[in-house]
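Shown here: query01.cif, mmCIF, C-alpha atoms.
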```
data_my_file
loop_
_atom_site.label_atom_id
_atom_site.label_comp_id
_atom_site.auth_asym_id
_atom_site.auth_seq_id
_atom_site.Cartn_x
_atom_site.Cartn_y
_atom_site.Cartn_z
CA MET A 1 -8.96 -6.10 -35.94
CA PHE A 2 -9.41 -2.40 -35.06
CA GLY A 3 -11.40 -3.03 -31.87
CA SER A 4 -9.52 -6.15 -30.79
CA GLU A 5 -6.15 -4.39 -31.06
CA ILE A 6 -7.37 -1.50 -28.97
CA LYS A 7 -8.86 -3.76 -26.31
CA LYS A 8 -5.57 -5.67 -26.11
CA HIS A 9 -3.69 -2.39 -25.75
CA LEU A 10 -5.99 -1.38 -22.89
CA THR A 11 -5.62 -4.65 -20.99
CA ASP A 12 -1.97 -5.39 -21.73
CA ASP A 13 -0.47 -1.89 -21.67
CA LEU A 14 -2.51 0.97 -20.26
CA ILE A 15 -4.04 -0.72 -17.23
CA PRO A 16 -0.75 -2.31 -16.06
CA PHE A 17 1.13 0.96 -16.55
CA TRP A 18 -1.23 3.06 -14.45
CA ARG A 19 -1.61 0.34 -11.85
CA GLY A 20 2.16 0.56 -11.52
CA MET A 21 1.90 4.27 -10.70
CA LYS A 22 -0.09 3.60 -7.52
CA ASP A 23 1.38 5.07 -4.35
CA SER A 24 0.61 2.52 -1.65
CA GLU A 25 2.45 4.50 1.03
CA TYR A 26 0.92 7.96 0.84
CA GLY A 27 -2.18 7.30 -1.27
CA GLY A 28 -3.24 8.28 -4.73
CA PHE A 29 -0.92 7.84 -7.68
CA TYR A 30 2.56 9.14 -8.35
CA GLY A 31 2.58 12.45 -10.15
CA TYR A 32 5.51 12.16 -12.52
CA MET A 33 7.48 9.78 -14.71
CA GLY A 34 10.22 11.34 -16.81
CA TYR A 35 11.11 10.48 -20.38
CA ASP A 36 13.83 8.29 -18.86
CA LEU A 37 11.01 6.18 -17.25
CA ALA A 38 12.11 7.15 -13.74
CA ILE A 39 9.23 7.75 -11.32
CA ASP A 40 9.57 10.78 -9.06
CA LYS A 41 7.82 9.55 -5.92
CA LYS A 42 7.96 13.01 -4.36
CA ALA A 43 6.48 14.92 -7.28
CA VAL A 44 3.31 16.94 -6.74
CA LYS A 45 0.03 15.10 -7.24
CA GLY A 46 -2.27 17.13 -9.44
CA CYS A 47 -6.03 17.02 -9.06
CA ILE A 48 -6.52 16.66 -12.80
CA LEU A 49 -4.19 13.65 -12.98
CA ASN A 50 -5.66 11.91 -9.94
CA SER A 51 -9.27 12.66 -10.97
CA ARG A 52 -8.60 11.28 -14.43
CA ILE A 53 -7.04 8.14 -12.94
CA LEU A 54 -10.15 7.69 -10.78
CA TRP A 55 -12.27 8.10 -13.90
CA PHE A 56 -10.03 5.68 -15.83
CA PHE A 57 -10.20 2.80 -13.38
CA SER A 58 -13.93 3.34 -12.85
CA ASN A 59 -14.55 3.07 -16.56
CA ALA A 60 -12.12 0.20 -16.94
CA PHE A 61 -14.28 -1.68 -14.44
CA LEU A 62 -17.49 -0.66 -16.22
CA THR A 63 -16.03 -1.83 -19.53
CA LEU A 64 -14.29 -5.04 -18.47
CA GLY A 65 -16.07 -5.99 -15.24
CA GLU A 66 -12.94 -7.02 -13.32
CA ASP A 67 -13.22 -6.43 -9.56
CA ALA A 68 -9.52 -5.62 -9.22
CA LEU A 69 -10.09 -2.51 -11.34
CA LEU A 70 -12.71 -1.24 -8.93
CA LYS A 71 -10.19 -1.58 -6.10
CA GLU A 72 -7.80 0.70 -7.97
CA ALA A 73 -10.63 3.18 -8.48
CA ARG A 74 -11.42 3.13 -4.77
CA HIS A 75 -7.77 3.82 -3.98
CA ALA A 76 -7.98 6.95 -6.13
CA PHE A 77 -11.36 7.92 -4.65
CA LEU A 78 -10.12 7.77 -1.07
CA PHE A 79 -7.17 10.04 -1.85
CA LEU A 80 -9.43 12.56 -3.55
CA LYS A 81 -11.95 12.50 -0.71
CA GLU A 82 -9.40 12.64 2.12
CA HIS A 83 -6.88 15.07 0.67
CA PHE A 84 -8.04 17.05 -2.38
CA LEU A 85 -11.28 18.31 -0.84
CA ASP A 86 -11.00 21.59 1.05
CA SER A 87 -13.14 21.21 4.17
CA GLU A 88 -12.99 24.93 4.96
CA TYR A 89 -13.80 26.70 1.68
CA GLY A 90 -15.07 23.84 -0.44
CA GLY A 91 -13.92 22.57 -3.78
CA VAL A 92 -10.78 20.68 -4.73
CA TYR A 93 -7.21 21.95 -4.66
CA TRP A 94 -5.20 22.21 -7.86
CA ALA A 95 -2.28 20.14 -6.52
CA LEU A 96 -0.99 18.37 -3.42
CA SER A 97 2.43 17.40 -2.19
CA TYR A 98 3.39 13.77 -2.57
CA ASP A 99 2.16 13.08 0.98
CA GLY A 100 -1.21 14.75 0.56
CA ARG A 101 -0.75 18.35 1.80
CA PRO A 102 -1.99 21.35 -0.24
CA GLU A 103 0.80 22.39 -2.60
CA ASP A 104 -1.17 24.72 -4.88
CA ASP A 105 -4.48 25.77 -3.33
CA THR A 106 -5.83 27.40 -6.50
CA LYS A 107 -9.50 26.59 -7.06
CA HIS A 108 -9.96 26.21 -10.80
CA THR A 109 -13.30 25.48 -12.42
CA TYR A 110 -11.53 23.02 -14.72
CA SER A 111 -10.31 20.87 -11.84
CA GLN A 112 -13.73 20.99 -10.14
CA ALA A 113 -15.17 19.67 -13.40
CA PHE A 114 -12.81 16.70 -13.56
CA ALA A 115 -13.55 15.78 -9.97
CA ILE A 116 -17.29 15.81 -10.78
CA TYR A 117 -16.65 13.72 -13.89
CA ALA A 118 -14.59 11.15 -12.02
CA LEU A 119 -16.88 10.92 -8.99
CA SER A 120 -19.92 10.42 -11.22
CA SER A 121 -18.26 7.53 -13.04
CA TYR A 122 -17.03 6.07 -9.77
CA TYR A 123 -20.57 6.17 -8.40
CA ASP A 124 -21.77 4.31 -11.50
CA ALA A 125 -19.07 1.68 -11.03
CA SER A 126 -19.29 1.27 -7.25
CA GLY A 127 -22.74 2.44 -6.17
CA ASP A 128 -21.00 4.52 -3.48
CA GLY A 129 -23.49 7.24 -2.58
CA GLU A 130 -20.82 9.30 -0.85
CA ALA A 131 -19.06 9.81 -4.17
CA LEU A 132 -22.28 11.02 -5.75
CA GLU A 133 -22.97 13.42 -2.91
CA ILE A 134 -19.47 14.91 -3.21
CA ALA A 135 -20.03 15.37 -6.94
CA ARG A 136 -23.38 17.03 -6.25
CA SER A 137 -21.79 19.40 -3.72
CA LEU A 138 -19.12 20.35 -6.27
CA ILE A 139 -21.79 21.15 -8.84
CA ARG A 140 -23.51 23.41 -6.32
CA LEU A 141 -20.18 25.10 -5.65
CA VAL A 142 -19.45 25.63 -9.36
CA GLU A 143 -22.87 27.14 -9.87
CA ASP A 144 -22.54 29.36 -6.81
CA LYS A 145 -18.91 30.45 -7.03
CA CYS A 146 -17.58 29.88 -10.54
CA ARG A 147 -19.86 31.71 -12.95
CA ASP A 148 -21.18 35.16 -13.77
CA GLU A 149 -24.05 36.40 -15.89
CA TYR A 150 -22.16 35.51 -19.10
CA GLY A 151 -21.01 31.99 -18.26
CA TYR A 152 -18.38 30.05 -16.36
CA LEU A 153 -15.25 31.72 -15.03
CA GLU A 154 -11.86 30.06 -14.62
CA ALA A 155 -9.37 30.58 -11.79
CA PHE A 156 -9.86 31.50 -8.14
CA THR A 157 -7.93 31.78 -4.91
CA ARG A 158 -8.57 29.19 -2.25
CA ASP A 159 -11.49 31.21 -0.88
CA PHE A 160 -12.91 31.88 -4.37
CA HIS A 161 -11.73 35.35 -5.25
CA PRO A 162 -11.03 35.56 -9.01
CA GLU A 163 -7.40 35.50 -10.12
CA ASP A 164 -5.48 35.35 -13.40
CA ASN A 165 -6.14 32.24 -15.44
CA ASP A 166 -2.52 31.37 -16.14
CA LYS A 167 -3.17 27.62 -15.85
CA LEU A 168 -5.61 27.42 -18.79
CA SER A 169 -4.32 30.33 -20.90
CA GLU A 170 -1.74 29.80 -23.63
CA ASN A 171 -0.48 31.34 -26.87
CA GLY A 172 0.33 34.67 -25.25
CA VAL A 173 -3.14 35.59 -23.99
CA MET A 174 -4.73 35.68 -20.53
CA ALA A 175 -8.27 34.40 -20.96
CA GLU A 176 -11.13 35.11 -18.58
CA LYS A 177 -13.15 32.36 -20.23
CA THR A 178 -12.09 29.38 -22.34
CA MET A 179 -13.71 26.90 -24.68
CA ASN A 180 -11.72 24.16 -22.95
CA THR A 181 -13.14 24.74 -19.47
CA LEU A 182 -16.71 25.07 -20.77
CA LEU A 183 -16.35 21.83 -22.73
CA HIS A 184 -15.22 19.91 -19.67
CA ILE A 185 -17.87 21.35 -17.38
CA PHE A 186 -20.33 20.15 -20.00
CA GLU A 187 -18.66 16.74 -20.05
CA ALA A 188 -18.73 16.49 -16.24
CA TYR A 189 -22.36 17.55 -15.94
CA THR A 190 -23.27 15.13 -18.74
CA GLU A 191 -21.78 12.25 -16.77
CA PHE A 192 -23.52 13.35 -13.58
CA TYR A 193 -26.83 13.68 -15.41
CA ARG A 194 -26.35 10.27 -17.02
CA VAL A 195 -26.26 8.58 -13.62
CA THR A 196 -28.87 10.77 -11.84
CA LYS A 197 -31.24 12.35 -14.42
CA GLU A 198 -31.49 15.42 -12.18
CA GLU A 199 -33.42 18.09 -14.06
CA GLN A 200 -31.49 21.04 -12.64
CA VAL A 201 -28.33 19.65 -14.19
CA ALA A 202 -30.16 19.06 -17.46
CA ASP A 203 -31.08 22.75 -17.46
CA ARG A 204 -27.41 23.72 -17.04
CA LEU A 205 -26.43 21.40 -19.88
CA LYS A 206 -28.97 23.08 -22.14
CA TYR A 207 -27.58 26.47 -21.13
CA MET A 208 -24.04 25.36 -22.00
CA LEU A 209 -25.14 24.00 -25.37
CA GLY A 210 -26.59 27.43 -26.08
CA LEU A 211 -23.24 29.03 -25.25
CA MET A 212 -21.45 26.59 -27.51
CA ALA A 213 -23.76 27.36 -30.41
CA ASP A 214 -23.95 31.14 -29.89
CA ARG A 215 -20.59 32.09 -28.39
CA ILE A 216 -18.02 29.36 -28.98
CA TYR A 217 -18.81 28.16 -32.48
CA ASN A 218 -17.63 30.32 -35.39
CA GLN A 219 -20.02 29.40 -38.18
CA GLU A 220 -18.07 31.28 -40.82
CA LEU A 221 -14.87 29.33 -40.12
CA GLY A 222 -16.53 26.07 -38.99
CA ARG A 223 -14.51 25.95 -35.79
CA GLN A 224 -14.66 26.69 -32.10
CA GLU A 225 -12.97 29.80 -30.82
CA VAL A 226 -10.62 29.08 -27.93
CA PHE A 227 -9.78 32.02 -25.64
CA PHE A 228 -12.20 34.79 -24.66
CA ASP A 229 -12.65 37.85 -22.50
CA ARG A 230 -15.42 37.94 -19.90
CA THR A 231 -18.19 38.63 -22.43
CA TRP A 232 -17.08 36.00 -24.97
CA ASN A 233 -15.08 38.15 -27.36
CA SER A 234 -12.43 35.94 -28.97
CA LEU A 235 -8.87 36.96 -28.11
CA ILE A 236 -6.85 35.12 -30.74
CA ASP A 237 -6.98 33.52 -34.19
CA LEU A 238 -6.44 29.94 -33.06
CA TYR A 239 -7.73 26.70 -34.51
CA SER A 240 -7.39 23.89 -31.95
CA TYR A 241 -7.80 20.73 -33.99
CA GLY A 242 -7.81 18.34 -31.05
CA HIS A 243 -10.38 20.28 -29.05
CA ASP A 244 -12.64 20.57 -32.08
CA ILE A 245 -12.77 16.87 -32.85
CA GLU A 246 -13.12 16.11 -29.13
CA ALA A 247 -15.98 18.58 -28.75
CA ALA A 248 -17.78 17.15 -31.78
CA TRP A 249 -18.25 13.74 -30.20
CA LEU A 250 -18.65 14.95 -26.60
CA VAL A 251 -21.46 17.27 -27.64
CA ASP A 252 -23.08 14.45 -29.62
CA ARG A 253 -22.83 12.23 -26.54
CA GLY A 254 -24.42 14.92 -24.40
CA LEU A 255 -27.23 15.40 -26.89
CA LYS A 256 -27.96 11.68 -26.89
CA ILE A 257 -28.07 11.54 -23.09
CA LEU A 258 -30.20 14.70 -22.84
CA ASP A 259 -32.59 13.45 -25.54
CA ASP A 260 -33.87 16.93 -26.39
CA ARG A 261 -35.05 16.96 -30.00
CA ALA A 262 -34.87 20.72 -30.52
CA LEU A 263 -31.33 20.98 -29.16
CA THR A 264 -30.22 18.01 -31.23
CA GLU A 265 -31.59 19.61 -34.38
CA ARG A 266 -29.70 22.79 -33.50
CA LEU A 267 -26.35 21.32 -32.44
CA ALA A 268 -25.98 18.18 -34.59
CA PRO A 269 -25.29 20.18 -37.78
CA ILE A 270 -22.54 22.04 -35.88
CA THR A 271 -20.80 18.85 -34.75
CA GLU A 272 -21.08 17.45 -38.27
CA ALA A 273 -19.54 20.59 -39.75
CA ILE A 274 -16.70 20.55 -37.21
CA THR A 275 -15.94 16.88 -37.93
CA GLU A 276 -15.87 17.48 -41.69
CA ASN A 277 -13.72 20.56 -41.28
CA ILE A 278 -11.16 18.71 -39.15
CA TYR A 279 -11.09 15.82 -41.62
CA ASN A 280 -10.39 18.18 -44.52
CA ARG A 281 -8.06 20.56 -42.70
CA ALA A 282 -6.05 18.68 -40.08
CA TYR A 283 -5.99 15.00 -41.05
CA THR A 284 -2.76 14.42 -42.93
CA GLY A 285 0.15 12.01 -42.68
CA HIS A 286 -2.06 9.33 -41.08
CA SER A 287 -2.58 11.59 -38.04
CA LEU A 288 -3.83 14.99 -36.87
CA ALA A 289 -1.75 18.13 -36.69
CA ASN A 290 -1.95 20.02 -33.40
CA GLU A 291 -3.33 23.50 -34.11
CA ALA A 292 -3.05 26.57 -36.32
CA GLU A 293 -2.38 30.07 -34.95
CA ASN A 294 -2.83 32.97 -37.35
CA GLY A 295 -2.92 30.44 -40.16
CA VAL A 296 0.42 28.84 -39.24
CA VAL A 297 0.05 25.12 -38.61
CA ASP A 298 1.81 23.43 -35.70
CA THR A 299 2.69 20.04 -37.16
CA THR A 300 3.52 18.45 -33.79
CA ARG A 301 1.62 15.20 -33.26
CA VAL A 302 0.29 15.42 -29.70
CA TRP A 303 -0.78 12.22 -27.94
CA TRP A 304 -4.24 13.31 -26.83
CA VAL A 305 -5.12 14.86 -30.19
CA GLN A 306 -4.62 11.49 -31.91
CA ALA A 307 -6.74 9.69 -29.32
CA GLU A 308 -9.61 12.16 -29.69
CA ALA A 309 -9.39 11.94 -33.47
CA VAL A 310 -9.98 8.19 -33.39
CA VAL A 311 -13.16 8.62 -31.35
CA GLY A 312 -14.30 11.71 -33.22
CA PHE A 313 -14.06 10.13 -36.64
CA LEU A 314 -15.63 6.88 -35.45
CA ASN A 315 -18.48 8.95 -34.02
CA GLY A 316 -18.83 10.83 -37.29
CA TYR A 317 -19.04 7.56 -39.20
CA GLN A 318 -21.60 6.06 -36.83
CA LYS A 319 -23.79 9.15 -37.20
CA ASN A 320 -23.47 9.09 -41.00
CA PRO A 321 -22.45 5.61 -42.22
CA GLU A 322 -22.19 6.91 -45.79
CA LYS A 323 -19.09 8.77 -44.57
CA SER A 324 -16.93 5.67 -44.77
CA GLU A 325 -13.86 7.89 -45.06
CA TYR A 326 -14.28 8.73 -41.37
CA LEU A 327 -14.07 5.08 -40.38
CA ARG A 328 -10.96 4.65 -42.52
CA ALA A 329 -9.47 7.75 -40.87
CA ALA A 330 -10.15 6.37 -37.37
CA GLU A 331 -8.48 3.08 -38.27
CA ASP A 332 -5.59 4.88 -39.98
CA ILE A 333 -4.90 7.14 -36.99
CA TRP A 334 -5.02 4.13 -34.69
CA GLY A 335 -2.35 2.57 -36.90
CA TYR A 336 -0.22 5.69 -36.47
CA ILE A 337 -0.72 5.54 -32.69
CA ARG A 338 0.11 1.83 -32.59
CA ASP A 339 3.24 2.16 -34.70
CA TYR A 340 4.67 5.48 -33.50
CA MET A 341 2.87 7.11 -30.57
CA ILE A 342 2.95 4.13 -28.20
CA ASP A 343 6.36 3.89 -26.55
CA LYS A 344 7.60 0.33 -27.04
CA ARG A 345 10.05 0.53 -24.15
CA GLU A 346 9.15 -1.79 -21.30
CA GLY A 347 7.42 0.05 -18.48
CA SER A 348 6.29 2.98 -20.59
CA GLU A 349 3.02 4.23 -22.08
CA TRP A 350 2.47 6.77 -24.92
CA PHE A 351 4.93 9.43 -25.95
CA SER A 352 3.63 12.91 -25.18
CA GLY A 353 4.36 14.15 -28.67
CA LEU A 354 6.20 13.45 -31.91
CA ASP A 355 7.78 15.81 -34.40
CA VAL A 356 6.94 15.81 -38.09
CA ASP A 357 9.50 13.02 -38.61
CA ARG A 358 7.75 10.88 -35.95
CA LYS A 359 10.56 11.33 -33.46
CA PRO A 360 9.66 11.66 -29.74
CA LEU A 361 9.92 15.13 -28.23
CA GLY A 362 11.45 13.79 -25.01
CA LYS A 363 8.68 15.00 -22.72
CA PRO A 364 7.49 13.18 -19.56
CA ILE A 365 5.55 9.95 -19.85
CA ALA A 366 3.33 10.96 -16.91
CA ASP A 367 2.85 14.37 -15.33
CA PRO A 368 -0.01 16.53 -14.00
CA TRP A 369 -1.53 16.60 -17.51
CA LYS A 370 -0.23 13.38 -19.09
CA CYS A 371 -2.68 10.78 -17.89
CA PRO A 372 -4.89 7.83 -18.95
CA TYR A 373 -7.87 10.01 -19.79
CA HIS A 374 -7.70 10.62 -23.55
CA ASN A 375 -6.04 7.36 -24.56
CA GLY A 376 -7.98 5.32 -22.01
CA ARG A 377 -11.22 6.91 -23.14
CA MET A 378 -10.35 6.14 -26.75
CA CYS A 379 -10.13 2.48 -25.76
CA PHE A 380 -13.42 2.50 -23.83
CA GLU A 381 -15.29 4.33 -26.58
CA VAL A 382 -14.04 2.11 -29.39
CA ILE A 383 -14.76 -1.08 -27.42
CA ARG A 384 -18.26 0.06 -26.45
CA ARG A 385 -19.20 1.52 -29.82
CA LEU A 386 -18.07 -1.49 -31.82
CA ARG A 387 -19.63 -3.87 -29.29
CA ASP A 388 -22.96 -2.03 -29.42
CA ALA A 389 -22.87 -1.94 -33.21
CA SER A 390 -22.29 -5.70 -33.56
#
```
Could I get this file's structure written as structure tokens?
Amino acid sequence: MFGSEIKKHLTDDLIPFWRGMKDSEYGGFYGYMGYDLAIDKKAVKGCILNSRILWFFSNAFLTLGEDALLKEARHAFLFLKEHFLDSEYGGVYWALSYDGRPEDDTKHTYSQAFAIYALSSYYDASGDGEALEIARSLIRLVEDKCRDEYGYLEAFTRDFHPEDNDKLSENGVMAEKTMNTLLHIFEAYTEFYRVTKEEQVADRLKYMLGLMADRIYNQELGRQEVFFDRTWNSLIDLYSYGHDIEAAWLVDRGLKILDDRALTERLAPITEAITENIYNRAYTGHSLANEAENGVVDTTRVWWVQAEAVVGFLNGYQKNPEKSEYLRAAEDIWGYIRDYMIDKREGSEWFSGLDVDRKPLGKPIADPWKCPYHNGRMCFEVIRRLRDAS
């Protein structure tokens, strides 16, 4: 029932919704749908949203095998290739106007990562070598322009001079490095390595796993720290529940693809501890709370946090089948998503967030961050994991 419901949601709801956001006139996909379900056809088109849509349709094709899905992926690929890539300075822009002109020419490591992630999946789905070569060039750029001797940096001007990281800093701090960006570079490089097995990328993945173990993970608290200065000093007492459960399974996936026994023995206990800590600390009311700053819990139920919790707990159960409570938690949180987080209005998708009484917060249904990445990936992971286990 668990897997079949999620597959039906993917095919009947998510895919039709995002197919309906396609901009056939100017390319790419529309950048905004308000809570009132009105599409703003002249809203900016963010690189993160369009990269994640490219990734989504590529993986929908890889999961379901329907040729029409690959056509949607190609539509997203062409817009990325023809408009988001900066032919003069390299890299991808942060955002474009609705008709494909640079709107925000910030070069952020986070957006480079999602382009690499999407292009790698699209190459796997389509066999298009051009997509793979673009991804490879972006990796070279990230390694050349976006890191220092301590790790990966964040925000840059168009020509790659460092600037304030206001796009990935929150909670009143301005971070020079973030757990979030490192996690998604790792995710992007993992996907590229999965389809190429290039040893130089494997070496960078091993380096990032070392940073996660030595700099990001707080062994005393059993959590990842979130915002840092340049040399990895934590800037704030913040417990990001969604990022922790997401990182637990993404790191496990990377370890499996890397197949490095020593690294697995080092990192697997960390991902197990994080999963257990999230289960005990954040899983309540059939769902996951958002975060805790200075010990104060934000009880908002955020869409992507619930999606990552389903995958994270399913992953924890599959690693340790004696932990049957993790499987029950994954199924329970899916029930919460199905009953409350999915917007039942025709032509909608998931609510962005719910309050403690399960009432929608009235935020956009689609915007530069609200996309088919977390919830789509939940569907793909559950379908694949349960299929492989059967």
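Reported to one decimal place, the separation of CA of Thr190 in chain A from CA of Ile139 in chain A is 11.7 Å.
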> Which residues match the PyMOL selection byres ((chain A and resi 103-114) around 8) in the file above, as a VMD selection string?
Replying inline: chain A and resid 44 47 to 48 51 to 52 91 to 97 101 to 102 115 to 118 138 142 146 152 to 160 181 184 to 185 188 to 189
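With CA of Lys45 in chain A on one side and CA of Glu191 in chain A on the other, the separation reads 24.0 Å.
In terms of minimum interatomic distance to Gly210 in chain A, A:Leu263 ranks closest within A:Lys344, A:Asp12, A:Leu263, A:Asp244, counting only C-alpha atoms.
Closest to Asp13 in chain A among A:Ile342, A:Leu221, A:Leu182, A:Val356 is A:Ile342, based on all atoms listed in the file.
Candidate residues A:Pro360, A:Gly28, A:Pro372, A:Gly295 were compared for distance to Phe56 in chain A, and the nearest is A:Pro372, using all atoms listed in the file.
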> What is the CA of Arg384 in chain A to CA of Lys7 in chain A distance in Å?
Replying inline: 10.1 Å
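Shortest separation to Glu381 in chain A among A:Arg204, A:Arg253, A:Arg74, A:Lys42 occurs at residue A:Arg253, atoms counted being all atoms listed in the file.
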Find the residues near Ser169 in chain A: any atom within 9 Å, counting all atoms listed in the file, skip ones fewer than 6 places away on the same chain, and give them as a short mmCIF file (atom, residue, chain, number, x, y, z; two decimals) with C-alpha atoms, keeping the file's coordinate frame.
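Result written to part.cif:
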```
data_model
loop_
_atom_site.label_atom_id
_atom_site.label_comp_id
_atom_site.auth_asym_id
_atom_site.auth_seq_id
_atom_site.Cartn_x
_atom_site.Cartn_y
_atom_site.Cartn_z
CA ALA A 175 -8.27 34.40 -20.96
CA GLU A 176 -11.13 35.11 -18.58
CA THR A 178 -12.09 29.38 -22.34
CA PHE A 227 -9.78 32.02 -25.64
#
```
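Near range 335-340 of chain A, within a cut-off of 9 Å and counting only C-alpha atoms, sit the residues Phe2, Glu5, Ile6, His9, Gly285, His286, Ser287, Trp303, Gln306, Ala307, Ala330, Glu331, Asp332, Asp343, Lys344, Trp350, Phe351, Leu354, Arg358, Lys359 and Pro360 of chain A, with same-chain residues fewer than 3 positions away left out.
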>> List as a list in words the protein and nucleic acid residues near range 313-320 of chain A, meaning an atom at most 8 Å away when all atoms listed in the file are counted, but skip any in the same chain fewer than 4 places from it.
In response: Ile245, Trp249, Glu272, Thr275, Ala309, Ser324, Glu325, Tyr326, Leu327, Ala329, Ala330 and Val382 of chain A
>> Could you check the closest approach to Arg345 in chain A for each of A:Glu149, A:Glu199, A:Glu133, A:Asp36 and tell me which residue wins, using all atoms listed in the file?
In response: A:Asp36
>> For the PyMOL selection byres ((chain A and resi 293) around 8), applied here, can you spell out every residue it catches as number ranges by chain?
In response: A: 236-239, 291-292, 294-298
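Shortest separation to Leu386 in chain A among A:Asp259, A:Val311, A:Tyr207, A:Leu69 occurs at residue A:Val311, atoms counted being only C-alpha atoms.
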> Counting all atoms listed in the file, which residues come within 12 Å of (-15.7, 19.9, -42.6), with the point read in the file's coordinates, and could you list them as a PyMOL selection string?
Replying inline: chain A and resi 219-223+241+244-245+248+269-283+313+316+323+326
>> Given the point (-7.2, 12.9, 3.8) in the coordinates of this file, which residues lie within 12 Å, counting all atoms listed in the file, and how would they look as a list in words?
In response: Tyr26, Gly27, Gly28, His75, Ala76, Phe77, Leu78, Phe79, Leu80, Lys81, Glu82, His83, Phe84, Leu85, Asp86, Ser87, Leu96, Asp99, Gly100, Arg101 and Pro102 of chain A
Could you put an axis-aligned box around every listed atom of range 215-227 of chain A, padded by 6 Å on each side, and send me its centre and edge lengths in Å to one decimal, as AutoDock Vina command-line options?
```
--center_x -15.2 --center_y 29.0 --center_z -33.2 --size_x 22.8 --size_y 18.1 --size_z 27.2
```
